[in-house]
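entry26.tsv (TSV, C-alpha atoms and all ligand atoms)
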chain	number	residue	atom	x	y	z
A	1426	MET	CA	0.00	0.00	0.00
A	1427	LYS	CA	2.97	2.31	0.58
A	1428	ASN	CA	3.00	5.13	-1.95
A	1429	LYS	CA	-0.70	4.77	-2.69
A	1430	GLU	CA	-2.02	8.34	-3.04
A	1431	ILE	CA	-5.49	7.73	-1.64
A	1432	ILE	CA	-6.15	5.33	1.25
A	1433	SER	CA	-9.65	3.81	1.34
A	1434	VAL	CA	-10.78	3.54	4.94
A	1435	GLY	CA	-13.49	1.45	6.60
A	1436	VAL	CA	-14.88	2.69	9.94
A	1437	ILE	CA	-16.23	0.27	12.58
A	1438	GLY	CA	-18.40	1.98	15.19
A	1439	ALA	CA	-19.07	4.84	12.77
A	1440	GLY	CA	-22.30	5.94	14.47
A	1441	GLY	CA	-20.84	6.78	17.89
A	1442	PHE	CA	-19.72	10.16	19.18
A	1443	ILE	CA	-16.08	9.89	18.13
A	1444	GLY	CA	-16.91	7.82	15.02
A	1445	GLN	CA	-19.00	10.69	13.64
A	1446	ASP	CA	-16.38	13.21	14.72
A	1447	HIS	CA	-13.61	11.32	12.86
A	1448	LEU	CA	-15.86	10.90	9.80
A	1449	LYS	CA	-16.36	14.66	9.62
A	1450	ARG	CA	-12.59	15.13	9.81
A	1451	LEU	CA	-11.85	12.44	7.21
A	1452	SER	CA	-14.30	14.03	4.79
A	1453	THR	CA	-13.09	17.61	5.25
A	1454	VAL	CA	-9.55	18.19	6.53
A	1455	ILE	CA	-7.62	14.94	6.10
A	1456	GLU	CA	-5.70	14.61	2.85
A	1457	GLY	CA	-5.29	11.39	0.88
A	1458	VAL	CA	-8.25	9.48	2.23
A	1459	ASN	CA	-11.50	8.05	0.90
A	1460	ILE	CA	-14.31	6.87	3.19
A	1461	GLU	CA	-15.06	3.50	1.60
A	1462	MET	CA	-17.21	1.54	4.02
A	1463	LEU	CA	-18.98	1.89	7.37
A	1464	TYR	CA	-20.25	-0.48	10.01
A	1465	ASP	CA	-22.16	0.14	13.22
A	1466	LEU	CA	-24.50	-1.99	15.33
A	1467	ASN	CA	-27.04	0.78	14.78
A	1468	THR	CA	-27.92	-0.02	11.15
A	1469	GLU	CA	-30.20	2.98	10.68
A	1470	LYS	CA	-27.53	5.45	11.81
A	1471	CYS	CA	-24.91	3.62	9.75
A	1472	THR	CA	-27.01	3.84	6.59
A	1473	GLU	CA	-27.69	7.54	7.18
A	1474	LEU	CA	-23.94	8.20	7.53
A	1475	ALA	CA	-23.09	6.02	4.52
A	1476	ASN	CA	-25.48	8.11	2.41
A	1477	LYS	CA	-23.98	11.32	3.74
A	1478	TYR	CA	-20.38	10.27	3.01
A	1479	HIS	CA	-21.08	8.25	-0.18
A	1480	ALA	CA	-19.75	5.09	1.42
A	1481	ARG	CA	-20.94	1.48	1.43
A	1482	VAL	CA	-22.53	-0.20	4.45
A	1483	ALA	CA	-20.85	-3.43	5.58
A	1484	ALA	CA	-22.95	-6.39	6.69
A	1485	SER	CA	-20.63	-6.96	9.67
A	1486	ALA	CA	-17.34	-5.79	11.15
A	1487	GLU	CA	-15.72	-8.96	9.77
A	1488	ALA	CA	-17.04	-8.24	6.26
A	1489	LEU	CA	-15.61	-4.72	6.43
A	1490	ILE	CA	-12.16	-5.96	7.47
A	1491	ALA	CA	-12.18	-8.57	4.69
A	1492	ASP	CA	-13.46	-6.22	1.96
A	1493	PRO	CA	-10.88	-5.96	-0.86
A	1494	GLN	CA	-11.66	-2.25	-1.43
A	1495	VAL	CA	-10.81	-1.38	2.19
A	1496	ASP	CA	-7.11	-0.49	2.58
A	1497	ALA	CA	-7.21	0.32	6.29
A	1498	VAL	CA	-9.61	0.15	9.22
A	1499	LEU	CA	-10.55	2.76	11.83
A	1500	ILE	CA	-12.05	1.29	15.03
A	1501	THR	CA	-14.26	3.67	17.01
A	1502	ALA	CA	-16.59	1.10	18.57
A	1503	TRP	CA	-16.74	0.73	22.36
A	1504	ASP	CA	-13.72	-0.43	24.38
A	1505	GLY	CA	-14.82	-4.07	24.83
A	1506	VAL	CA	-14.49	-4.99	21.13
A	1507	HIS	CA	-11.18	-3.21	20.33
A	1508	ALA	CA	-8.99	-6.27	20.97
A	1509	ASP	CA	-10.90	-8.79	18.83
A	1510	LEU	CA	-11.31	-6.35	15.94
A	1511	THR	CA	-7.63	-5.31	16.03
A	1512	LEU	CA	-6.53	-8.97	16.07
A	1513	GLU	CA	-8.77	-9.66	13.11
A	1514	CYS	CA	-7.25	-6.72	11.19
A	1515	ILE	CA	-3.72	-7.97	11.94
A	1516	ALA	CA	-4.66	-11.49	10.79
A	1517	ALA	CA	-5.92	-9.97	7.51
A	1518	ARG	CA	-2.74	-7.79	7.27
A	1519	ARG	CA	-5.04	-4.76	7.30
A	1520	PRO	CA	-3.50	-1.59	8.85
A	1521	VAL	CA	-5.70	-0.41	11.70
A	1522	PHE	CA	-6.16	2.71	13.78
A	1523	CYS	CA	-7.69	1.66	17.10
A	1524	GLU	CA	-9.17	4.27	19.42
A	1525	LYS	CA	-7.80	4.05	22.95
A	1526	PRO	CA	-7.72	1.74	24.85
A	1527	LEU	CA	-6.03	-0.87	22.65
A	1528	ALA	CA	-7.68	-3.59	24.77
A	1529	THR	CA	-9.26	-3.82	28.19
A	1530	THR	CA	-7.01	-6.60	29.55
A	1531	ILE	CA	-3.26	-7.10	29.72
A	1532	GLU	CA	-3.69	-10.57	28.21
A	1533	ASP	CA	-5.42	-9.13	25.13
A	1534	CYS	CA	-2.79	-6.40	24.77
A	1535	LYS	CA	-0.05	-9.06	24.87
A	1536	LYS	CA	-1.85	-11.08	22.18
A	1537	ILE	CA	-1.99	-7.99	19.95
A	1538	VAL	CA	1.71	-7.15	20.51
A	1539	GLU	CA	2.63	-10.77	19.64
A	1540	ALA	CA	0.33	-10.94	16.60
A	1541	GLU	CA	1.84	-7.74	15.16
A	1542	LYS	CA	5.36	-9.06	15.82
A	1543	GLU	CA	4.50	-12.27	13.97
A	1544	ALA	CA	3.07	-10.26	11.07
A	1545	GLY	CA	6.51	-8.63	10.82
A	1546	GLU	CA	5.23	-5.11	10.11
A	1547	THR	CA	3.76	-2.14	11.94
A	1548	LEU	CA	0.03	-2.44	11.40
A	1549	VAL	CA	-1.50	-0.74	14.45
A	1550	GLN	CA	-1.76	2.89	15.54
A	1551	VAL	CA	-3.47	3.61	18.89
A	1552	GLY	CA	-5.56	6.76	19.42
A	1553	PHE	CA	-3.33	8.54	21.93
A	1554	MET	CA	-4.02	11.90	20.35
A	1555	ARG	CA	-2.45	14.19	22.93
A	1556	ARG	CA	0.96	13.30	21.45
A	1557	PHE	CA	-0.20	15.24	18.38
A	1558	ASP	CA	-1.21	18.41	20.26
A	1559	ALA	CA	1.12	21.29	19.38
A	1560	ASP	CA	1.34	22.60	22.97
A	1561	TYR	CA	2.26	19.23	24.50
A	1562	ARG	CA	4.80	18.78	21.67
A	1563	LYS	CA	6.39	22.12	22.51
A	1564	MET	CA	6.51	21.15	26.20
A	1565	LYS	CA	8.30	17.90	25.29
A	1566	GLU	CA	10.74	19.80	23.10
A	1567	ILE	CA	11.62	22.22	25.95
A	1568	LEU	CA	12.00	19.31	28.41
A	1569	LYS	CA	14.33	17.55	25.98
A	1570	SER	CA	16.43	20.68	25.42
A	1571	GLY	CA	17.39	20.56	29.12
A	1572	GLU	CA	17.10	24.34	29.51
A	1573	LEU	CA	14.86	23.92	32.59
A	1574	GLY	CA	16.97	21.16	34.13
A	1575	ALA	CA	15.45	17.83	35.11
A	1576	PRO	CA	11.67	17.40	35.54
A	1577	ILE	CA	10.68	16.77	39.16
A	1578	MET	CA	6.89	16.78	39.47
A	1579	ALA	CA	3.77	17.30	37.37
A	1580	HIS	CA	0.30	18.48	38.37
A	1581	CYS	CA	-2.57	17.62	36.05
A	1582	ILE	CA	-6.33	18.01	35.95
A	1583	SER	CA	-8.72	16.16	33.69
A	1584	ARG	CA	-12.31	17.27	34.19
A	1585	THR	CA	-15.37	16.40	32.18
A	1586	PRO	CA	-18.72	18.02	33.01
A	1587	ARG	CA	-20.88	14.87	33.06
A	1588	ILE	CA	-20.60	11.20	32.22
A	1589	ALA	CA	-22.94	8.53	30.80
A	1590	PRO	CA	-24.70	6.24	33.30
A	1591	GLY	CA	-22.80	3.07	34.19
A	1592	PHE	CA	-19.40	4.76	34.51
A	1593	THR	CA	-17.29	2.89	37.08
A	1594	ASP	CA	-14.18	3.49	39.20
A	1595	PRO	CA	-11.92	1.48	36.82
A	1596	MET	CA	-13.26	3.52	33.87
A	1597	GLN	CA	-11.99	6.66	35.62
A	1598	ILE	CA	-8.55	5.18	34.84
A	1599	THR	CA	-9.12	3.36	31.53
A	1600	ASN	CA	-11.14	6.18	29.93
A	1601	ILE	CA	-9.79	9.38	31.46
A	1602	VAL	CA	-6.38	8.98	33.14
A	1603	ILE	CA	-5.19	6.70	30.30
A	1604	HIS	CA	-4.36	9.91	28.40
A	1605	GLU	CA	-2.00	11.18	31.15
A	1606	ILE	CA	-0.49	7.68	31.42
A	1607	ASP	CA	0.48	7.69	27.76
A	1608	LEU	CA	1.36	11.38	27.74
A	1609	PHE	CA	3.97	11.08	30.50
A	1610	ARG	CA	5.55	7.88	29.13
A	1611	TRP	CA	5.98	9.80	25.89
A	1612	MET	CA	6.87	13.20	27.32
A	1613	LEU	CA	9.46	11.91	29.84
A	1614	ASP	CA	10.72	9.15	27.56
A	1615	GLU	CA	10.70	6.65	30.41
A	1616	GLU	CA	8.32	4.13	31.95
A	1617	LEU	CA	6.02	4.72	34.91
A	1618	VAL	CA	6.92	2.31	37.71
A	1619	ARG	CA	4.47	2.84	40.61
A	1620	GLY	CA	0.97	4.21	41.04
A	1621	GLN	CA	-1.59	4.97	43.72
A	1622	VAL	CA	-5.18	6.26	43.77
A	1623	HIS	CA	-6.78	8.33	46.54
A	1624	PHE	CA	-10.49	8.99	47.00
A	1625	SER	CA	-12.05	12.13	48.43
A	1626	ARG	CA	-15.72	12.55	49.27
A	1627	SER	CA	-17.68	12.28	46.03
A	1628	THR	CA	-19.60	15.03	44.28
A	1629	GLY	CA	-23.39	14.77	44.59
A	1630	PHE	CA	-23.50	14.58	40.77
A	1631	ALA	CA	-21.73	11.17	40.75
A	1632	GLU	CA	-23.83	8.01	40.40
A	1633	SER	CA	-24.12	6.02	43.60
A	1634	GLY	CA	-21.02	3.84	44.10
A	1635	LEU	CA	-18.72	5.93	41.88
A	1636	HIS	CA	-15.78	7.66	43.55
A	1637	ASP	CA	-15.57	10.98	41.79
A	1638	PRO	CA	-13.25	12.88	41.67
A	1639	GLN	CA	-10.16	10.73	42.22
A	1640	LEU	CA	-6.54	11.71	42.78
A	1641	VAL	CA	-4.06	9.55	40.89
A	1642	LEU	CA	-0.34	9.50	41.70
A	1643	MET	CA	2.27	7.96	39.39
A	1644	TRP	CA	6.05	7.78	39.67
A	1645	SER	CA	8.38	7.49	36.70
A	1646	GLU	CA	11.60	5.44	36.62
A	1647	SER	CA	13.74	8.50	37.45
A	1648	GLY	CA	11.40	9.52	40.29
A	1649	VAL	CA	9.19	12.20	38.66
A	1650	LEU	CA	5.93	12.32	40.67
A	1651	ILE	CA	2.80	12.99	38.57
A	1652	ASP	CA	-0.54	13.81	40.18
A	1653	VAL	CA	-3.80	13.80	38.20
A	1654	GLU	CA	-7.15	14.98	39.49
A	1655	SER	CA	-9.65	13.03	37.42
A	1656	SER	CA	-13.22	14.26	37.57
A	1657	ALA	CA	-16.06	12.73	35.54
A	1658	ASN	CA	-18.75	15.09	36.88
A	1659	SER	CA	-17.09	18.51	37.19
A	1660	TYR	CA	-20.49	20.06	36.30
A	1661	TYR	CA	-18.98	23.38	35.16
A	1662	GLY	CA	-17.21	22.18	32.00
A	1663	TYR	CA	-14.36	20.31	30.28
A	1664	GLU	CA	-10.88	21.29	31.34
A	1665	ILE	CA	-7.43	19.80	30.90
A	1666	GLY	CA	-4.47	21.14	32.83
A	1667	CYS	CA	-0.82	20.18	33.07
A	1668	GLU	CA	2.12	21.86	34.76
A	1669	ILE	CA	5.55	20.24	34.89
A	1670	VAL	CA	7.87	21.45	37.62
A	1671	CYS	CA	11.55	21.27	36.66
A	1672	GLU	CA	14.76	22.18	38.52
A	1673	LYS	CA	15.01	25.63	36.93
A	1674	GLY	CA	11.44	26.52	36.03
A	1675	THR	CA	8.01	25.16	35.12
A	1676	LEU	CA	6.11	24.36	31.95
A	1677	ARG	CA	2.36	24.88	31.85
A	1678	LEU	CA	-0.08	23.77	29.14
A	1679	PRO	CA	-1.75	26.96	27.91
A	1680	VAL	CA	-5.50	27.47	28.15
A	1681	PRO	CA	-6.80	27.59	24.54
A	1682	ALA	CA	-7.16	31.15	23.33
A	1683	ALA	CA	-10.70	32.53	23.48
A	1684	PRO	CA	-12.11	36.04	23.57
A	1685	ILE	CA	-12.52	37.62	27.00
A	1686	VAL	CA	-16.12	38.79	27.02
A	1687	ARG	CA	-17.11	41.85	29.00
A	1688	SER	CA	-20.83	42.15	29.54
A	1689	ARG	CA	-22.80	43.90	32.25
A	1690	LEU	CA	-20.91	43.51	35.54
A	1691	GLN	CA	-18.97	40.54	34.18
A	1692	CYS	CA	-15.65	39.79	32.49
A	1693	ALA	CA	-15.49	36.14	31.43
A	1694	VAL	CA	-13.73	33.50	29.34
A	1695	PRO	CA	-15.97	30.62	28.19
A	1696	VAL	CA	-15.22	27.06	29.37
A	1697	MET	CA	-15.59	24.18	26.88
A	1698	ASP	CA	-18.12	21.38	27.14
A	1699	ASP	CA	-16.25	18.32	25.84
A	1700	TRP	CA	-13.04	16.79	24.44
A	1701	SER	CA	-13.98	17.25	20.79
A	1702	GLU	CA	-13.88	21.05	21.20
A	1703	ARG	CA	-10.62	21.03	23.21
A	1704	PHE	CA	-8.28	19.10	20.91
A	1705	PRO	CA	-9.52	19.44	17.28
A	1706	ASP	CA	-6.02	19.88	15.84
A	1707	ALA	CA	-4.58	16.94	17.80
A	1708	TYR	CA	-7.33	14.65	16.42
A	1709	LYS	CA	-6.71	15.97	12.94
A	1710	ASN	CA	-2.92	15.59	13.21
A	1711	GLU	CA	-3.11	12.01	14.53
A	1712	LEU	CA	-5.36	10.88	11.66
A	1713	GLN	CA	-3.30	12.74	9.06
A	1714	HIS	CA	-0.17	11.09	10.49
A	1715	TRP	CA	-1.79	7.64	10.22
A	1716	ILE	CA	-2.81	8.24	6.61
A	1717	ASP	CA	0.60	9.73	5.76
A	1718	TYR	CA	2.35	6.70	7.28
A	1719	LEU	CA	0.18	4.41	5.16
A	1720	ARG	CA	0.93	6.54	2.06
A	1721	GLY	CA	4.65	6.22	2.73
A	1722	ARG	CA	5.01	9.96	3.40
A	1723	THR	CA	6.67	9.32	6.79
A	1724	ASN	CA	8.62	6.36	8.16
A	1725	GLN	CA	7.72	7.24	11.72
A	1726	PRO	CA	4.77	5.16	12.96
A	1727	GLY	CA	2.39	6.72	15.53
A	1728	PRO	CA	1.81	5.31	19.03
A	1729	GLY	CA	1.60	1.56	18.66
A	1730	THR	CA	0.86	-1.77	20.31
A	1731	GLN	CA	3.69	-1.49	22.89
A	1732	ASP	CA	2.29	1.89	23.99
A	1733	GLY	CA	-1.20	0.39	24.24
A	1734	TYR	CA	0.21	-2.50	26.30
A	1735	ALA	CA	2.22	-0.26	28.68
A	1736	ALA	CA	-0.82	1.98	29.22
A	1737	CYS	CA	-2.95	-1.07	30.01
A	1738	VAL	CA	-0.42	-2.46	32.55
A	1739	THR	CA	-0.22	0.97	34.22
A	1740	ALA	CA	-4.02	1.29	34.30
A	1741	ASP	CA	-4.25	-2.19	35.83
A	1742	ALA	CA	-1.90	-1.22	38.69
A	1743	LEU	CA	-3.96	1.92	39.37
A	1744	ILE	CA	-7.20	-0.11	39.40
A	1745	ARG	CA	-5.55	-2.47	41.92
A	1746	SER	CA	-4.70	0.57	44.04
A	1747	GLN	CA	-8.35	1.71	43.91
A	1748	GLN	CA	-9.14	-1.59	45.65
A	1749	THR	CA	-6.17	-1.88	48.06
A	1750	GLY	CA	-5.40	1.78	48.75
A	1751	ASN	CA	-1.71	0.84	48.43
A	1752	THR	CA	1.00	2.04	46.09
A	1753	GLU	CA	1.12	-0.64	43.38
A	1754	SER	CA	4.09	-1.56	41.19
A	1755	ILE	CA	3.81	-1.28	37.44
A	1756	VAL	CA	5.64	-4.25	35.97
A	1757	LEU	CA	5.85	-4.39	32.18
B	1801	LIG	P1	-20.22	5.66	21.66
B	1801	LIG	O1	-20.81	7.03	21.37
B	1801	LIG	O2	-20.92	4.72	22.58
B	1801	LIG	O3	-20.01	4.96	20.25
B	1801	LIG	C1	-19.67	3.66	20.04
B	1801	LIG	C2	-20.37	3.23	18.75
B	1801	LIG	O4	-19.90	1.95	18.37
B	1801	LIG	C3	-21.89	3.14	18.89
B	1801	LIG	O5	-22.51	3.62	17.74
B	1801	LIG	C4	-22.11	1.62	19.07
B	1801	LIG	O6	-23.40	1.18	18.65
B	1801	LIG	C5	-21.03	1.10	18.15
B	1801	LIG	N1	-20.60	-0.27	18.44
B	1801	LIG	C6	-20.46	-0.87	19.65
B	1801	LIG	N2	-20.00	-2.13	19.46
B	1801	LIG	C7	-19.83	-2.32	18.14
B	1801	LIG	C8	-19.39	-3.39	17.33
B	1801	LIG	N3	-19.06	-4.56	17.87
B	1801	LIG	N4	-19.34	-3.21	16.02
B	1801	LIG	C9	-19.68	-2.03	15.48
B	1801	LIG	N5	-20.15	-0.97	16.17
B	1801	LIG	C10	-20.21	-1.12	17.50
B	1801	LIG	O7	-18.75	5.82	22.20
B	1801	LIG	P2	-17.67	6.98	21.88
B	1801	LIG	O8	-17.69	7.98	22.96
B	1801	LIG	O9	-17.79	7.41	20.47
B	1801	LIG	O10	-16.32	6.15	22.10
B	1801	LIG	C11	-15.93	5.12	21.20
B	1801	LIG	C12	-14.49	4.73	21.47
B	1801	LIG	O11	-13.64	5.84	21.30
B	1801	LIG	C13	-14.27	4.24	22.91
B	1801	LIG	O12	-13.38	3.18	22.90
B	1801	LIG	C14	-13.65	5.44	23.60
B	1801	LIG	O13	-12.78	5.06	24.67
B	1801	LIG	C15	-12.88	6.09	22.47
B	1801	LIG	N6	-12.76	7.56	22.62
B	1801	LIG	C16	-11.54	8.10	22.50
B	1801	LIG	C17	-11.37	9.46	22.69
B	1801	LIG	C18	-10.01	10.08	22.58
B	1801	LIG	O14	-9.81	11.16	23.09
B	1801	LIG	N7	-9.06	9.45	21.92
B	1801	LIG	C19	-12.47	10.27	22.96
B	1801	LIG	C20	-13.72	9.67	23.05
B	1801	LIG	C21	-13.86	8.31	22.86
B	1801	LIG	P3	-24.58	1.09	19.75
B	1801	LIG	O15	-24.76	2.46	20.28
B	1801	LIG	O16	-25.74	0.57	18.98
B	1801	LIG	O17	-24.07	0.13	20.82
How would this structure read if it were set down as structure tokens?
Ligand code: NAP
Amino acid sequence: MKNKEIISVGVIGAGGFIGQDHLKRLSTVIEGVNIEMLYDLNTEKCTELANKYHARVAASAEALIADPQVDAVLITAWDGVHADLTLECIAARRPVFCEKPLATTIEDCKKIVEAEKEAGETLVQVGFMRRFDADYRKMKEILKSGELGAPIMAHCISRTPRIAPGFTDPMQITNIVIHEIDLFRWMLDEELVRGQVHFSRSTGFAESGLHDPQLVLMWSESGVLIDVESSANSYYGYEIGCEIVCEKGTLRLPVPAAPIVRSRLQCAVPVMDDWSERFPDAYKNELQHWIDYLRGRTNQPGPGTQDGYAACVTADALIRSQQTGNTESIVL
């Protein structure tokens, strides 16, 4: 497929929130791509989207992966089916972009790492999009330059205004904190080795039984301590924060630029409502990178199976800590 100008993509889970978001991007701002085929459990929604994007509807996820006109597969279905679908793509030698998480168990992640190794080529990109955000990239560049000395600590917030019913304590890690897990492995260029989760009293907006917010602590190999406040029911809006404290200064993720509105007796900056508004360029860049890699325009693959595996092992240790209250080791 390398050097093919246009990559024909099939999307599994096309009708969901991020599936529709990626479809919009693929049809407007991503170069070198054709939306060939769609599949979703919701047939009505899938047909409506296929009509909108002039694509074909697949009879099943398996049929989409096997279709000879589909060059590559984008998986945006729910977490529980990522592993099986990714393994099926690898077996068919079909390049695949899998939304995070790569799989929900360490065992499944290992199977995927092994299957890709056996295939002998890089076939999988995982949807860790923050690596493609220009501000995080700049922060990594400054860290690497050494001008601020060694990193020591990081303080992060990850707040979402509301969450769908059925959200659980482990999902606080596998759905929300997973981004900081990958981000710091990438940003610090080292593994995370220990983790611990602390609970506070919960907000009245949390479903019964859910601890929300949670405070997650992670230590890197060299001893950098990262704290993340993860909140699934912040009520007021979506906000991501990150400040890295180094020996000679700090690095802070900027708040996205927005007009400061003065109205009667008020001077305010709007707060966003969800992730799709906060990181549009990062989502665009990650998909363009995937397509460009498949077109042979870059030799540098995006985040892959080993990153998905390491994130899963780290998440597992943090979920253990939710149950034990202890600091848990992260053993890759
Ligand atoms: P969602 O709105 O629930 O969408 C999932 C869609 O996939 C639904 O249309 C669902 O159909 C469909 N589906 C479920 N199982 C399927 C299967 N076996 N085959 C085909 N379609 C299937 O969820 P979402 O918020 O879009 O999230 C989807 C995935 O993206 C999740 O894994 C999530 O973790 C990830 N995500 C990543 C980011 C990021 O920042 N990278 C952001 C958001 C979401 P039904 O509704 O009929 O079940």
#### Entry: Expected selection as a list in words for ligand LIG 1801 (chain B) within 7 Å, only C-alpha atoms and all ligand atoms
Ile1437, Gly1438, Ala1439, Gly1440, Gly1441, Phe1442, Ile1443, Gly1444, Tyr1464, Asp1465, Leu1466, Asn1467, Ala1486, Thr1501, Ala1502, Trp1503, Asp1504, Val1506, Glu1524, Lys1525, Pro1526, Gly1552, Phe1553, Met1554, Asn1600 and Trp1700 of chain A
### Message
One number please: atom CA of Leu1635 of chain A to atom CA of Cys1523 of chain A, in Å, one decimal.
### Response
27.5 Å
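Summary of the local environment: counting all atoms listed in the file, residues at most 10 Å from Gly1721 of chain A, other than itself and those fewer than 3 positions away along its chain, are Met1426, Lys1427, Asn1428, Lys1429, Glu1430, Trp1715, Ile1716, Asp1717, Tyr1718, Asn1724 and Gln1725 of chain A.
Using all atoms listed in the file, the nearest neighbour of Ser1656 of chain A within the list A:Val1458, A:Leu1690, A:Ile1601, A:Val1680 is A:Ile1601.
Atom CA of Glu1702 of chain A to atom CA of Leu1474 of chain A spans 21.3 Å [interatomic distance, one decimal].
Here the residues that fall within 7 Å of (0.0, 22.7, 25.2), using only C-alpha atoms, are given as Asp1558, Ala1559, Asp1560, Tyr1561, Lys1563, Met1564, Leu1678 and Pro1679 of chain A.
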#### Entry: Selection: 10 Å around Glu1572 of chain A, all atoms listed in the file, excl. self and same-chain fewer than 4 positions, as a ChimeraX atom specification
/A:1567-1568,1671-1674
### Query
Excluding same-chain residues fewer than 2 positions from segment 1732-1735 of chain A, what lies within 8 Å of it counting all atoms listed in the file, as JSON, numbers by chain?
{"A": [1525, 1526, 1527, 1528, 1531, 1534, 1535, 1538, 1551, 1607, 1728, 1729, 1730, 1737, 1738, 1739, 1757]}
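Within 8 Å of the point (-7.8, 2.8, 44.9), and counting all atoms listed in the file, the protein, DNA and RNA residues are Gln1621, Val1622, His1623, Phe1624, Leu1743, Ile1744, Arg1745, Ser1746, Gln1747, Gln1748, Thr1749, Gly1750 and Asn1751 of chain A.
Take atom CA of Val1602 of chain A and atom CA of Glu1546 of chain A: the distance between them is 29.4 Å.
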